[in-house]
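Undergrad: Sharing a structure with you now.
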Amino acid sequence: MSLHISASQGEIAPIVLMPGDPLRAKYIADNMLDDVKQVSQTRNAFYFTGKYKGKAITIGASGMGCPSIGIYSYELYKDYNVDCIIRIGTCGSYLTGLKLYEVINVDVACSESTYARYAFDIGGHNIKHQGKAFDIINDTAKTLSVPIRSGPVHSSDVFYRADTALPEIVIECNCMAVEMEAFALFANAKYLNKTAATLLTVSDVLPTKEHISADQRERSLDKMINLALESCLKM
Ligand code: HPA
């Protein structure tokens, strides 16, 4: 057990897929894995371990924001000896040319967050994906003919904001979209010398206010989830 995950040693696979939402973790486990066992439900952050095409994979929730994914991913890497975490989430597009349902493989997470500096004395506002997962995902997407984009993404600490102008960091780093977790995940992986990637589906286009409804969200992520699962087979 770790402080926030109640699985026993050996019940978490070396590869973890991490959606934000616990019910999305359950949806993936129920619909896409075989031989599933629920291994943790502390704070309703459900974790499931099962097999995808014979390969052991754990799926569990990160919650929202850098502090939350910071806790779960740190404990998975450190206490459960996990090698690789792939976040599978949603994002808001900053560009009208980046459309609903498009999938992004995050190259660099750019953030105003103090997480990396405060936790590990990692300076700067940009942290890259860590290890080989990013390249494996891009190669897998090519093999499966799934169109994806890669580039810098804003990991924001804030969802609701009074100032409607684009944040400075978005302009500085040329961020294509915004989410709230990749920066802390990449910081933990960098510090602990582990592997981390982030796949995002565009759920909102901020300039036009188009968005995928809550109902549509569940199924609309299947393309990204399949890509993540197929990529796991090569790790
Ligand atoms: N902001 C932050 N995170 C998000 C958004 C957003 O607009 N959409 C999906 N995740």
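Here's how to read the names in the structure tokens: chain A, B, ... by the order shown, residue numbers from 1 in each chain, ligand numbers from 1 in the order shown.
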Hey, what's within 9 Å of segment 117-129 of chain A if we count only C-alpha atoms and toss same-chain stuff fewer than 4 positions away? As a PyMOL selection string, please?
TA: chain A and resi 106-113+133-134+152+169+173+182-191+195-198
Undergrad: Output N, CA and C atoms for every residue in that selection, as a PDB file, in the first residue's frame.
TA:
```
ATOM      1  N   VAL A 106       1.719  15.009 -26.335  1.00  0.00           N
ATOM      2  CA  VAL A 106       2.370  16.214 -25.787  1.00  0.00           C
ATOM      3  C   VAL A 106       3.893  16.069 -25.823  1.00  0.00           C
ATOM      4  N   ASP A 107       4.530  17.014 -26.509  1.00  0.00           N
ATOM      5  CA  ASP A 107       5.991  17.025 -26.598  1.00  0.00           C
ATOM      6  C   ASP A 107       6.584  17.686 -25.348  1.00  0.00           C
ATOM      7  N   VAL A 108       6.060  18.879 -25.036  1.00  0.00           N
ATOM      8  CA  VAL A 108       6.545  19.657 -23.885  1.00  0.00           C
ATOM      9  C   VAL A 108       5.338  20.196 -23.125  1.00  0.00           C
ATOM     10  N   ALA A 109       5.397  20.098 -21.792  1.00  0.00           N
ATOM     11  CA  ALA A 109       4.368  20.719 -20.948  1.00  0.00           C
ATOM     12  C   ALA A 109       4.932  22.040 -20.424  1.00  0.00           C
ATOM     13  N   CYS A 110       4.180  23.116 -20.641  1.00  0.00           N
ATOM     14  CA  CYS A 110       4.620  24.455 -20.239  1.00  0.00           C
ATOM     15  C   CYS A 110       3.673  24.927 -19.144  1.00  0.00           C
ATOM     16  N   SER A 111       4.241  25.415 -18.035  1.00  0.00           N
ATOM     17  CA  SER A 111       3.347  25.740 -16.923  1.00  0.00           C
ATOM     18  C   SER A 111       3.840  26.884 -16.060  1.00  0.00           C
ATOM     19  N   GLU A 112       2.876  27.613 -15.527  1.00  0.00           N
ATOM     20  CA  GLU A 112       3.152  28.617 -14.499  1.00  0.00           C
ATOM     21  C   GLU A 112       3.252  27.956 -13.124  1.00  0.00           C
ATOM     22  N   SER A 113       3.017  26.657 -13.060  1.00  0.00           N
ATOM     23  CA  SER A 113       3.015  25.931 -11.786  1.00  0.00           C
ATOM     24  C   SER A 113       4.394  25.965 -11.123  1.00  0.00           C
ATOM     25  N   ALA A 133       8.226   6.539 -24.530  1.00  0.00           N
ATOM     26  CA  ALA A 133       6.790   6.352 -24.813  1.00  0.00           C
ATOM     27  C   ALA A 133       6.295   7.297 -25.911  1.00  0.00           C
ATOM     28  N   PHE A 134       6.774   8.531 -25.901  1.00  0.00           N
ATOM     29  CA  PHE A 134       6.339   9.524 -26.893  1.00  0.00           C
ATOM     30  C   PHE A 134       6.604   9.014 -28.316  1.00  0.00           C
ATOM     31  N   PRO A 152       3.877  21.616 -28.069  1.00  0.00           N
ATOM     32  CA  PRO A 152       3.840  22.108 -26.695  1.00  0.00           C
ATOM     33  C   PRO A 152       2.414  22.371 -26.223  1.00  0.00           C
ATOM     34  N   ILE A 169       2.572  32.681 -20.874  1.00  0.00           N
ATOM     35  CA  ILE A 169       3.323  31.439 -21.132  1.00  0.00           C
ATOM     36  C   ILE A 169       2.845  30.752 -22.420  1.00  0.00           C
ATOM     37  N   CYS A 173       5.581  30.058 -25.299  1.00  0.00           N
ATOM     38  CA  CYS A 173       5.920  28.669 -25.652  1.00  0.00           C
ATOM     39  C   CYS A 173       5.131  28.160 -26.851  1.00  0.00           C
ATOM     40  N   ALA A 182      -0.085  17.445 -17.221  1.00  0.00           N
ATOM     41  CA  ALA A 182       1.133  16.850 -17.817  1.00  0.00           C
ATOM     42  C   ALA A 182       2.423  17.346 -17.151  1.00  0.00           C
ATOM     43  N   PHE A 183       2.444  18.595 -16.733  1.00  0.00           N
ATOM     44  CA  PHE A 183       3.672  19.179 -16.174  1.00  0.00           C
ATOM     45  C   PHE A 183       4.140  18.422 -14.927  1.00  0.00           C
ATOM     46  N   ALA A 184       3.234  18.121 -14.030  1.00  0.00           N
ATOM     47  CA  ALA A 184       3.623  17.417 -12.791  1.00  0.00           C
ATOM     48  C   ALA A 184       3.990  15.966 -13.090  1.00  0.00           C
ATOM     49  N   LEU A 185       3.268  15.338 -14.016  1.00  0.00           N
ATOM     50  CA  LEU A 185       3.612  13.964 -14.403  1.00  0.00           C
ATOM     51  C   LEU A 185       5.026  13.923 -14.980  1.00  0.00           C
ATOM     52  N   PHE A 186       5.337  14.848 -15.885  1.00  0.00           N
ATOM     53  CA  PHE A 186       6.663  14.859 -16.508  1.00  0.00           C
ATOM     54  C   PHE A 186       7.741  15.200 -15.477  1.00  0.00           C
ATOM     55  N   ALA A 187       7.416  16.082 -14.533  1.00  0.00           N
ATOM     56  CA  ALA A 187       8.386  16.444 -13.492  1.00  0.00           C
ATOM     57  C   ALA A 187       8.722  15.230 -12.628  1.00  0.00           C
ATOM     58  N   ASN A 188       7.709  14.487 -12.213  1.00  0.00           N
ATOM     59  CA  ASN A 188       7.951  13.293 -11.393  1.00  0.00           C
ATOM     60  C   ASN A 188       8.810  12.279 -12.158  1.00  0.00           C
ATOM     61  N   ALA A 189       8.449  12.054 -13.436  1.00  0.00           N
ATOM     62  CA  ALA A 189       9.181  11.069 -14.237  1.00  0.00           C
ATOM     63  C   ALA A 189      10.631  11.514 -14.433  1.00  0.00           C
ATOM     64  N   LYS A 190      10.822  12.797 -14.633  1.00  0.00           N
ATOM     65  CA  LYS A 190      12.190  13.324 -14.823  1.00  0.00           C
ATOM     66  C   LYS A 190      13.007  13.109 -13.543  1.00  0.00           C
ATOM     67  N   TYR A 191      12.434  13.463 -12.429  1.00  0.00           N
ATOM     68  CA  TYR A 191      13.142  13.341 -11.151  1.00  0.00           C
ATOM     69  C   TYR A 191      13.452  11.876 -10.823  1.00  0.00           C
ATOM     70  N   THR A 195       9.468   6.804 -17.255  1.00  0.00           N
ATOM     71  CA  THR A 195       8.890   7.137 -18.561  1.00  0.00           C
ATOM     72  C   THR A 195       7.492   7.739 -18.379  1.00  0.00           C
ATOM     73  N   ALA A 196       7.221   8.816 -19.136  1.00  0.00           N
ATOM     74  CA  ALA A 196       5.896   9.449 -19.059  1.00  0.00           C
ATOM     75  C   ALA A 196       5.547  10.080 -20.401  1.00  0.00           C
ATOM     76  N   ALA A 197       4.289   9.887 -20.796  1.00  0.00           N
ATOM     77  CA  ALA A 197       3.755  10.548 -21.986  1.00  0.00           C
ATOM     78  C   ALA A 197       2.348  11.037 -21.659  1.00  0.00           C
ATOM     79  N   THR A 198       1.862  11.960 -22.476  1.00  0.00           N
ATOM     80  CA  THR A 198       0.485  12.444 -22.309  1.00  0.00           C
ATOM     81  C   THR A 198      -0.200  12.518 -23.665  1.00  0.00           C
TER      82      THR A 198
END
```
Undergrad: Could you list, as a ChimeraX atom specification, all residues that come within 7 Å of ligand 1? Count only C-alpha atoms and all ligand atoms.
TA: /A:90-92,156,159,178-180,203-204,206
Undergrad: Taking 2 positions as the minimum chain separation for residues in the same chain, which residues sit within 9 Å of segment 27-34 of chain A when counting only C-alpha atoms? Answer as a PyMOL selection string.
TA: chain A and resi 22-25+36-38+48-54+57-59+218+222+225-226+229
Undergrad: Could you tell me how far atom CA of Cys66 of chain A sits from atom CA of Val158 of chain A, in Å to one decimal place?
TA: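 Between atom CA of Val158 of chain A and atom CA of Cys66 of chain A the gap works out to 10.2 Å.
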Undergrad: DSSP says alpha helix (DSSP H) for which residues of segment 20-54 of chain A? Put them as a list in words?
TA: Pro22, Leu23, Arg24, Ala25, Lys26, Tyr27, Ile28, Ala29, Asp30, Asn31 and Met32 of chain A
Undergrad: Leaving out segment 67-78 of chain A and any residue of its chain fewer than 2 positions from it, which residues lie within 7 Å of it when counting only C-alpha atoms, given as a list in words?
TA: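 Within the cut-off, the hits are Ser2, Ser62, Gly63, Met64, Gly65, Tyr80, Asn81, Val82, Asp83, Glu181, Ala184, Leu185 and Asn188 of chain A.
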Undergrad: Output N, CA, C and O atoms for every residue in that selection, as an mmCIF file, in the first residue's frame.
TA:
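Now in selection.cif:
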```cif
data_model
loop_
_atom_site.group_PDB
_atom_site.id
_atom_site.type_symbol
_atom_site.label_atom_id
_atom_site.label_comp_id
_atom_site.auth_asym_id
_atom_site.auth_seq_id
_atom_site.Cartn_x
_atom_site.Cartn_y
_atom_site.Cartn_z
ATOM 1 N N SER A 2 0.371 2.285 -0.639
ATOM 2 C CA SER A 2 1.007 3.605 -0.478
ATOM 3 C C SER A 2 0.003 4.483 0.276
ATOM 4 O O SER A 2 -1.089 4.043 0.625
ATOM 5 N N SER A 62 -6.109 9.977 -12.146
ATOM 6 C CA SER A 62 -5.153 10.962 -11.605
ATOM 7 C C SER A 62 -5.847 12.040 -10.787
ATOM 8 O O SER A 62 -5.198 12.764 -10.045
ATOM 9 N N GLY A 63 -7.179 12.183 -10.964
ATOM 10 C CA GLY A 63 -7.827 13.385 -10.450
ATOM 11 C C GLY A 63 -7.417 14.587 -11.304
ATOM 12 O O GLY A 63 -6.775 14.428 -12.346
ATOM 13 N N MET A 64 -7.822 15.777 -10.856
ATOM 14 C CA MET A 64 -7.591 16.994 -11.650
ATOM 15 C C MET A 64 -6.460 17.839 -11.075
ATOM 16 O O MET A 64 -6.414 18.065 -9.870
ATOM 17 N N GLY A 65 -5.598 18.332 -11.952
ATOM 18 C CA GLY A 65 -4.587 19.303 -11.557
ATOM 19 C C GLY A 65 -3.257 18.678 -11.172
ATOM 20 O O GLY A 65 -3.159 17.482 -10.867
ATOM 21 N N TYR A 80 5.298 1.552 -6.148
ATOM 22 C CA TYR A 80 4.878 0.353 -6.887
ATOM 23 C C TYR A 80 5.820 0.021 -8.046
ATOM 24 O O TYR A 80 5.527 -0.847 -8.853
ATOM 25 N N ASN A 81 6.927 0.755 -8.124
ATOM 26 C CA ASN A 81 7.945 0.471 -9.137
ATOM 27 C C ASN A 81 7.404 0.496 -10.576
ATOM 28 O O ASN A 81 7.863 -0.269 -11.433
ATOM 29 N N VAL A 82 6.423 1.335 -10.825
ATOM 30 C CA VAL A 82 5.893 1.500 -12.189
ATOM 31 C C VAL A 82 6.971 2.130 -13.075
ATOM 32 O O VAL A 82 7.699 3.021 -12.638
ATOM 33 N N ASP A 83 7.088 1.622 -14.320
ATOM 34 C CA ASP A 83 8.089 2.158 -15.255
ATOM 35 C C ASP A 83 7.527 3.316 -16.066
ATOM 36 O O ASP A 83 8.230 4.276 -16.358
ATOM 37 N N GLU A 181 -2.426 18.708 -16.126
ATOM 38 C CA GLU A 181 -1.705 17.662 -15.389
ATOM 39 C C GLU A 181 -0.333 17.262 -15.924
ATOM 40 O O GLU A 181 0.505 16.762 -15.165
ATOM 41 N N ALA A 184 3.234 18.121 -14.030
ATOM 42 C CA ALA A 184 3.623 17.417 -12.791
ATOM 43 C C ALA A 184 3.990 15.966 -13.090
ATOM 44 O O ALA A 184 4.926 15.423 -12.489
ATOM 45 N N LEU A 185 3.268 15.338 -14.016
ATOM 46 C CA LEU A 185 3.612 13.964 -14.403
ATOM 47 C C LEU A 185 5.026 13.923 -14.980
ATOM 48 O O LEU A 185 5.844 13.073 -14.601
ATOM 49 N N ASN A 188 7.709 14.487 -12.213
ATOM 50 C CA ASN A 188 7.951 13.293 -11.393
ATOM 51 C C ASN A 188 8.810 12.279 -12.158
ATOM 52 O O ASN A 188 9.739 11.692 -11.610
#
```
Undergrad: Write out as a VMD selection string all residues of segment 26-175 of chain A that DSSP puts in strand (DSSP E) for this structure's backbone.
TA: chain A and resid 34 to 40 47 to 52 55 to 60 84 to 93 103 to 110 126 to 128 149 to 155
Undergrad: With only C-alpha atoms as the atoms that count, which of A:Gln9, A:Thr140, A:Thr114, A:Asn193 lies nearest to Cys84 of chain A?
TA: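 For Cys84 of chain A, the nearest of the given residues is A:Asn193.
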